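J.: Next comes the structure file data.cif, holding mmCIF, C-alpha atoms.
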data_start
loop_
_atom_site.label_atom_id
_atom_site.label_comp_id
_atom_site.auth_asym_id
_atom_site.auth_seq_id
_atom_site.Cartn_x
_atom_site.Cartn_y
_atom_site.Cartn_z
CA MET A 1 -7.66 -29.20 24.80
CA VAL A 2 -9.07 -27.35 21.77
CA LYS A 3 -7.77 -27.89 18.25
CA LEU A 4 -6.43 -24.80 16.55
CA SER A 5 -6.46 -23.93 12.83
CA ALA A 6 -4.05 -21.37 11.39
CA VAL A 7 -5.42 -19.47 8.38
CA ILE A 8 -3.12 -17.47 6.10
CA ILE A 9 -3.81 -15.52 2.91
CA THR A 10 -0.94 -15.19 0.45
CA PHE A 11 0.18 -13.74 -2.84
CA ASN A 12 3.83 -14.09 -3.87
CA GLU A 13 5.10 -14.67 -0.33
CA GLY A 14 7.69 -17.28 -1.30
CA LYS A 15 10.52 -15.36 0.37
CA LYS A 16 8.70 -14.92 3.69
CA ILE A 17 6.12 -17.68 4.13
CA GLU A 18 8.56 -20.29 5.47
CA ARG A 19 9.19 -18.25 8.65
CA CYS A 20 5.45 -18.12 9.19
CA LEU A 21 4.88 -21.84 8.64
CA SER A 22 7.89 -22.83 10.73
CA SER A 23 6.67 -20.78 13.70
CA LEU A 24 3.33 -22.63 13.64
CA GLN A 25 4.83 -26.12 13.86
CA GLY A 26 3.83 -27.89 17.06
CA ILE A 27 1.43 -25.05 17.92
CA VAL A 28 -1.54 -25.55 15.58
CA ASP A 29 -3.39 -28.65 14.43
CA GLU A 30 -4.06 -27.44 10.88
CA ILE A 31 -2.65 -24.81 8.52
CA VAL A 32 -4.90 -23.42 5.78
CA VAL A 33 -3.29 -21.23 3.10
CA VAL A 34 -5.61 -19.34 0.73
CA ASP A 35 -3.47 -18.19 -2.16
CA SER A 36 -4.40 -15.64 -4.84
CA TYR A 37 -2.65 -17.53 -7.66
CA SER A 38 0.93 -16.63 -6.76
CA THR A 39 3.42 -16.52 -9.62
CA ASP A 40 6.46 -17.24 -7.43
CA ASN A 41 7.34 -20.34 -5.38
CA THR A 42 4.78 -19.79 -2.60
CA GLU A 43 3.00 -23.07 -3.33
CA GLU A 44 6.25 -25.05 -3.47
CA VAL A 45 7.33 -23.73 -0.07
CA CYS A 46 3.91 -24.50 1.43
CA ASN A 47 4.03 -28.04 0.07
CA GLN A 48 7.08 -28.69 2.25
CA TYR A 49 4.77 -28.40 5.26
CA ASN A 50 1.50 -30.12 6.08
CA VAL A 51 -0.64 -27.36 4.57
CA LYS A 52 -4.12 -27.31 3.06
CA PHE A 53 -3.36 -25.11 0.02
CA ILE A 54 -6.40 -23.48 -1.62
CA LYS A 55 -6.27 -21.28 -4.71
CA GLN A 56 -8.83 -18.48 -4.73
CA LYS A 57 -9.07 -15.38 -6.89
CA PHE A 58 -8.44 -12.33 -4.71
CA LEU A 59 -11.74 -11.02 -3.38
CA GLY A 60 -10.39 -8.07 -1.39
CA TYR A 61 -8.46 -8.22 1.89
CA ILE A 62 -11.57 -8.40 4.10
CA GLU A 63 -13.45 -10.81 1.87
CA GLN A 64 -10.43 -13.09 1.34
CA LYS A 65 -9.79 -13.42 5.07
CA ASN A 66 -13.43 -14.23 5.81
CA PHE A 67 -13.31 -16.83 3.03
CA ALA A 68 -10.17 -18.34 4.61
CA ILE A 69 -11.91 -18.77 7.97
CA ASP A 70 -14.66 -20.78 6.28
CA GLN A 71 -12.04 -23.22 4.93
CA ALA A 72 -10.73 -24.10 8.40
CA THR A 73 -11.74 -27.45 9.90
CA HIS A 74 -11.50 -26.44 13.54
CA GLU A 75 -13.58 -23.97 15.52
CA HIS A 76 -10.66 -22.07 17.04
CA ILE A 77 -8.58 -19.90 14.70
CA ILE A 78 -5.26 -18.06 14.62
CA SER A 79 -5.06 -15.73 11.60
CA LEU A 80 -1.73 -14.59 10.14
CA ASP A 81 -0.40 -12.98 6.98
CA GLY A 82 2.32 -14.65 4.96
CA ASP A 83 4.94 -12.14 6.11
CA GLU A 84 4.21 -12.71 9.81
CA ALA A 85 5.38 -15.27 12.36
CA LEU A 86 4.87 -16.10 16.03
CA SER A 87 7.45 -15.00 18.59
CA ASN A 88 8.63 -17.64 21.09
CA GLU A 89 6.61 -16.00 23.85
CA LEU A 90 3.47 -15.97 21.72
CA GLN A 91 4.01 -19.64 20.84
CA ASP A 92 4.04 -20.49 24.54
CA ALA A 93 0.94 -18.36 25.15
CA LEU A 94 -1.00 -20.15 22.40
CA ILE A 95 -0.04 -23.60 23.72
CA GLN A 96 -1.37 -22.59 27.15
CA LEU A 97 -4.46 -21.05 25.55
CA LYS A 98 -5.39 -24.34 23.88
CA SER A 99 -5.81 -25.86 27.34
CA ASN A 100 -7.82 -22.96 28.73
CA TRP A 101 -9.73 -21.12 25.99
CA VAL A 102 -12.23 -18.84 27.75
CA TYR A 103 -12.90 -15.74 25.63
CA ASP A 104 -14.30 -15.28 22.12
CA GLY A 105 -11.12 -13.55 20.98
CA TYR A 106 -7.55 -12.75 21.97
CA TYR A 107 -5.45 -9.70 21.14
CA MET A 108 -1.72 -9.76 20.58
CA ASN A 109 0.82 -7.07 19.74
CA ARG A 110 2.49 -6.93 16.34
CA TYR A 111 6.19 -6.06 16.17
CA ASN A 112 7.12 -4.61 12.77
CA ASN A 113 10.48 -4.90 11.04
CA PHE A 114 11.22 -2.07 8.60
CA CYS A 115 14.35 -2.25 6.43
CA GLY A 116 16.03 -4.51 8.98
CA GLN A 117 15.08 -2.42 12.04
CA TRP A 118 12.47 -3.41 14.62
CA ILE A 119 10.23 -0.38 15.12
CA LYS A 120 9.26 0.30 18.74
CA HIS A 121 7.19 3.49 18.47
CA SER A 122 4.85 5.60 16.28
CA ASP A 123 1.70 3.83 15.03
CA TRP A 124 3.75 0.67 14.48
CA TYR A 125 4.06 -0.61 18.05
CA PRO A 126 2.35 -2.12 19.93
CA ASP A 127 0.07 -2.31 16.82
CA ARG A 128 -2.52 -4.37 18.74
CA LYS A 129 -4.35 -7.01 16.67
CA LEU A 130 -7.13 -9.49 17.43
CA ARG A 131 -5.90 -12.63 15.69
CA ALA A 132 -7.07 -15.60 17.77
CA PHE A 133 -10.82 -16.18 17.89
CA LYS A 134 -13.67 -18.67 17.72
CA LYS A 135 -15.56 -19.21 14.49
CA GLY A 136 -18.92 -17.50 14.41
CA LYS A 137 -18.00 -14.99 17.13
CA GLY A 138 -16.99 -12.20 14.74
CA GLU A 139 -15.77 -11.37 11.23
CA TRP A 140 -13.23 -9.34 9.32
CA LYS A 141 -14.48 -5.80 8.74
CA GLY A 142 -13.14 -2.34 7.94
CA ILE A 143 -12.29 -0.43 4.79
CA ASN A 144 -9.91 -2.20 2.38
CA PRO A 145 -6.99 -2.51 2.70
CA HIS A 146 -7.20 -1.70 6.44
CA ASP A 147 -8.99 -4.76 7.75
CA SER A 148 -9.47 -5.87 11.35
CA PHE A 149 -11.31 -8.71 13.04
CA LYS A 150 -14.34 -7.49 15.00
CA LEU A 151 -16.08 -9.57 17.67
CA TYR A 152 -19.85 -9.46 17.87
CA ASN A 153 -19.34 -9.17 21.65
CA PRO A 154 -16.28 -6.88 21.99
CA LYS A 155 -16.15 -7.39 25.76
CA SER A 156 -15.36 -11.11 25.37
CA ALA A 157 -11.66 -10.57 24.65
CA THR A 158 -8.34 -10.31 26.44
CA GLN A 159 -4.63 -9.88 25.66
CA LEU A 160 -2.03 -12.61 25.11
CA LYS A 161 1.66 -12.21 25.93
CA GLY A 162 4.08 -12.21 23.02
CA ASP A 163 4.28 -10.60 19.60
CA ILE A 164 3.38 -11.33 16.02
CA LEU A 165 6.65 -10.68 14.20
CA HIS A 166 5.99 -8.80 10.96
CA TRP A 167 8.56 -8.31 8.19
CA ASN A 168 6.65 -5.75 6.16
CA TYR A 169 9.06 -3.66 4.05
CA ALA A 170 12.61 -4.62 3.09
CA SER A 171 13.40 -1.36 1.27
CA TYR A 172 12.26 2.24 0.89
CA GLN A 173 11.32 1.48 -2.72
CA GLU A 174 8.97 -1.30 -1.61
CA PHE A 175 7.45 1.04 0.99
CA ASN A 176 6.82 3.70 -1.66
CA LEU A 177 5.18 1.22 -4.02
CA LYS A 178 2.90 -0.19 -1.29
CA THR A 179 1.97 3.34 -0.18
CA ASP A 180 0.82 4.16 -3.70
CA LYS A 181 -1.06 0.84 -3.99
CA PHE A 182 -2.79 1.04 -0.60
CA SER A 183 -3.77 4.69 -1.02
CA THR A 184 -5.45 3.77 -4.33
CA ILE A 185 -7.38 0.90 -2.70
CA SER A 186 -8.40 3.16 0.19
CA ALA A 187 -9.58 5.91 -2.14
CA GLN A 188 -11.69 3.43 -4.13
CA SER A 189 -13.20 2.03 -0.91
CA TYR A 190 -14.00 5.54 0.35
CA TYR A 191 -15.55 6.39 -3.00
CA GLN A 192 -17.82 3.35 -2.86
CA LEU A 193 -18.92 4.41 0.62
CA GLY A 194 -19.80 7.90 -0.61
CA LYS A 195 -17.14 9.69 1.42
CA LYS A 196 -16.00 13.20 0.43
CA ALA A 197 -12.57 14.81 0.05
CA PRO A 198 -12.82 18.51 0.94
CA ILE A 199 -9.66 20.63 0.80
CA TRP A 200 -9.46 20.88 4.59
CA LYS A 201 -9.14 17.09 4.88
CA ILE A 202 -6.36 17.05 2.27
CA LEU A 203 -4.48 19.70 4.29
CA LEU A 204 -5.24 18.84 7.91
CA ASN A 205 -5.54 15.04 8.04
CA PRO A 206 -1.98 14.32 6.78
CA THR A 207 -0.56 16.99 9.12
CA TRP A 208 -2.33 15.45 12.11
CA ALA A 209 -1.27 11.93 11.05
CA PHE A 210 2.40 12.98 11.08
CA PHE A 211 2.16 14.96 14.34
CA LYS A 212 0.40 12.11 16.15
CA SER A 213 2.77 9.35 15.02
CA TYR A 214 6.06 11.32 15.23
CA PHE A 215 5.54 13.35 18.40
CA LEU A 216 2.64 11.94 20.44
CA ARG A 217 3.56 8.30 19.77
CA LEU A 218 7.31 8.96 19.93
CA GLY A 219 8.20 7.98 16.37
CA PHE A 220 11.29 10.21 16.62
CA LEU A 221 12.85 7.64 19.00
CA ASP A 222 13.21 5.22 16.08
CA GLY A 223 15.68 7.51 14.33
CA LEU A 224 15.72 8.04 10.57
CA ASN A 225 13.44 5.10 9.85
CA GLY A 226 10.98 6.42 12.41
CA PHE A 227 10.93 9.73 10.55
CA VAL A 228 10.48 7.96 7.18
CA ILE A 229 7.57 5.93 8.56
CA CYS A 230 5.81 8.99 9.99
CA VAL A 231 6.28 10.98 6.78
CA GLN A 232 4.84 8.08 4.82
CA THR A 233 1.94 7.83 7.29
CA ALA A 234 1.09 11.43 6.36
CA ASN A 235 1.72 10.77 2.68
CA ILE A 236 -0.67 7.82 2.42
CA THR A 237 -3.38 9.97 4.03
CA PHE A 238 -2.66 12.78 1.56
CA LEU A 239 -2.70 10.43 -1.44
CA LYS A 240 -5.89 8.72 -0.28
CA TYR A 241 -7.87 11.96 -0.21
CA THR A 242 -6.38 13.44 -3.39
CA LYS A 243 -7.16 10.22 -5.28
CA LEU A 244 -10.66 10.19 -3.79
CA ARG A 245 -11.13 13.79 -4.93
CA GLU A 246 -10.03 12.80 -8.43
CA LEU A 247 -12.52 9.89 -8.49
CA ILE A 248 -15.35 12.23 -7.46
CA LYS A 249 -14.31 14.79 -10.06
CA ASN A 250 -14.32 12.17 -12.83
CA GLN A 251 -17.70 10.79 -11.82
#
Spit out the file's structure as structure tokens when you get a sec.
T.:
Amino acid sequence: MVKLSAVIITFNEGKKIERCLSSLQGIVDEIVVVDSYSTDNTEEVCNQYNVKFIKQKFLGYIEQKNFAIDQATHEHIISLDGDEALSNELQDALIQLKSNWVYDGYYMNRYNNFCGQWIKHSDWYPDRKLRAFKKGKGEWKGINPHDSFKLYNPKSATQLKGDILHWNYASYQEFNLKTDKFSTISAQSYYQLGKKAPIWKILLNPTWAFFKSYFLRLGFLDGLNGFVICVQTANITFLKYTKLRELIKNQ
């Protein structure tokens, strides 16, 4: 049976981290928390569990998660965020996996809770994520803040049963603030990569983002919150390109 390390990056997750840590009990052999100097009670909550708590200045989402992997003792990893937890079915799947680990990586679906409602459609479900993997078989990549773990051999992966439960936004206000924050980070990342922001992208990309998530991916079936999510999906795309255009203009 392999030994499994859970790695988690945190910043001010005191209200949510306990659900995450509790769901890992009896499943993993080590929990590593890399914290970006939280100012709330995140560390105090973590100290109630058998956690290796490491303070590290925030390097960027991708860089921080790769750093966290390096801090793990064991070769096999499950990576979570502080506002995520394992469903019962996923717990069972991971226990079985420890006795029969075959692939380099394992995908699992993420089930998102928005303002108290579990979202079943749009871009938010199944929201497939590769979160269990072997060290040295891949790394976190992407454009901040939209990171994902990429295997060096993408064919060496399969799907696990069960969901990562994700409590992402408790209120519309929080959603609006994160949209503004993430669109700024995305625009800065795009700028560093030399990407452009022509008018047609500002007009067409948000329209397509809404159409795809609301109609093609059935976001309308999630009611009002489904509509809010799809509008915000378009809005973050719009803000990303307008902010990128402003950065280019001020160059």
J.: Would you translate the PyMOL selection byres ((chain A and resi 30) around 9) into the concrete set of residues it matches in this file, as a list of chain:residue names?
T.: A:Lys3, A:Leu4, A:Ser5, A:Ala6, A:Val7, A:Val28, A:Asp29, A:Ile31, A:Val32, A:Asn50, A:Val51, A:Lys52, A:Ala72, A:Thr73, A:His74
J.: For the selection just defined, write its residues with C-alpha atoms to a file, as a PDB file, in the frame of the given file.
T.:
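Just written: selection24.pdb:
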ATOM      1  CA  LYS A   3      -7.770 -27.890  18.250  1.00  0.00           C
ATOM      2  CA  LEU A   4      -6.430 -24.800  16.550  1.00  0.00           C
ATOM      3  CA  SER A   5      -6.460 -23.930  12.830  1.00  0.00           C
ATOM      4  CA  ALA A   6      -4.050 -21.370  11.390  1.00  0.00           C
ATOM      5  CA  VAL A   7      -5.420 -19.470   8.380  1.00  0.00           C
ATOM      6  CA  VAL A  28      -1.540 -25.550  15.580  1.00  0.00           C
ATOM      7  CA  ASP A  29      -3.390 -28.650  14.430  1.00  0.00           C
ATOM      8  CA  ILE A  31      -2.650 -24.810   8.520  1.00  0.00           C
ATOM      9  CA  VAL A  32      -4.900 -23.420   5.780  1.00  0.00           C
ATOM     10  CA  ASN A  50       1.500 -30.120   6.080  1.00  0.00           C
ATOM     11  CA  VAL A  51      -0.640 -27.360   4.570  1.00  0.00           C
ATOM     12  CA  LYS A  52      -4.120 -27.310   3.060  1.00  0.00           C
ATOM     13  CA  ALA A  72     -10.730 -24.100   8.400  1.00  0.00           C
ATOM     14  CA  THR A  73     -11.740 -27.450   9.900  1.00  0.00           C
ATOM     15  CA  HIS A  74     -11.500 -26.440  13.540  1.00  0.00           C
TER      16      HIS A  74
END
J.: Measuring atom to atom with all atoms listed in the file, identify which of A:Asn41, A:Asn225, A:Gln91, A:Ser213 is nearest to A:Cys20.
T.: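 Closest candidate: A:Gln91.
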J.: Can you list, as a list in words, the residues that the PyMOL selection byres ((chain A and resi 163) around 7) selects here?
T.: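 Applied to this file, the PyMOL selection byres ((chain A and resi 163) around 7) returns Leu86, Ser87, Leu90, Met108, Asn109, Arg110, Tyr111, Gly162, Ile164 and Leu165 of chain A.
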J.: If the PyMOL selection byres ((chain A and resi 226-235) around 6) were run on this exact file, what residues would it hold? Put them as number ranges by chain.
T.: A: 206, 209-210, 213-214, 219-220, 222-225, 236-238
J.: Take the residues from that selection and write them out as a PDB file, in the frame of the given file, keeping C-alpha atoms.
T.:
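Once everything was written out, this is out_17.pdb:
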ATOM      1  CA  PRO A 206      -1.980  14.320   6.780  1.00  0.00           C
ATOM      2  CA  ALA A 209      -1.270  11.930  11.050  1.00  0.00           C
ATOM      3  CA  PHE A 210       2.400  12.980  11.080  1.00  0.00           C
ATOM      4  CA  SER A 213       2.770   9.350  15.020  1.00  0.00           C
ATOM      5  CA  TYR A 214       6.060  11.320  15.230  1.00  0.00           C
ATOM      6  CA  GLY A 219       8.200   7.980  16.370  1.00  0.00           C
ATOM      7  CA  PHE A 220      11.290  10.210  16.620  1.00  0.00           C
ATOM      8  CA  ASP A 222      13.210   5.220  16.080  1.00  0.00           C
ATOM      9  CA  GLY A 223      15.680   7.510  14.330  1.00  0.00           C
ATOM     10  CA  LEU A 224      15.720   8.040  10.570  1.00  0.00           C
ATOM     11  CA  ASN A 225      13.440   5.100   9.850  1.00  0.00           C
ATOM     12  CA  ILE A 236      -0.670   7.820   2.420  1.00  0.00           C
ATOM     13  CA  THR A 237      -3.380   9.970   4.030  1.00  0.00           C
ATOM     14  CA  PHE A 238      -2.660  12.780   1.560  1.00  0.00           C
TER      15      PHE A 238
END
J.: Excluding A:Ile185 and any residue of its chain fewer than 3 positions from it, enumerate the residues within 8 Å of it, using only C-alpha atoms, and give them as a ChimeraX atom specification.
T.: /A:144-145,181-182,188-189
J.: Tell me, in Å to one decimal, how far atom CA of A:Ser122 is from atom CA of A:Glu84.
T.: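 We find that atom CA of A:Ser122 and atom CA of A:Glu84 lie 19.4 Å from each other.
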J.: Nearest to A:Lys141 among A:Phe67, A:Tyr61, A:Tyr190, A:Trp124, with distances taken over only C-alpha atoms: which residue is it?
T.: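 Of A:Phe67, A:Tyr61, A:Tyr190, A:Trp124, the one nearest A:Lys141, counting only C-alpha atoms, is A:Tyr61.
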J.: Quote the spacing between atom CA of A:Ala187 and atom CA of A:Ile9 in Å to one decimal place.
T.: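 Atom CA of A:Ile9 lies at a distance of 22.8 Å from atom CA of A:Ala187.
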J.: Suppose you want the space between atom CA of A:His76 and atom CA of A:Asn113; what is it in Å?
T.: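 It comes out at 27.9 Å.
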J.: Would you please work out which residue, of A:Cys46, A:Leu151, A:Val34, A:Leu97, is nearest to A:Ile8 when using only C-alpha atoms?
T.: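 Once distances to A:Ile8 are computed over only C-alpha atoms, the minimum belongs to A:Val34.
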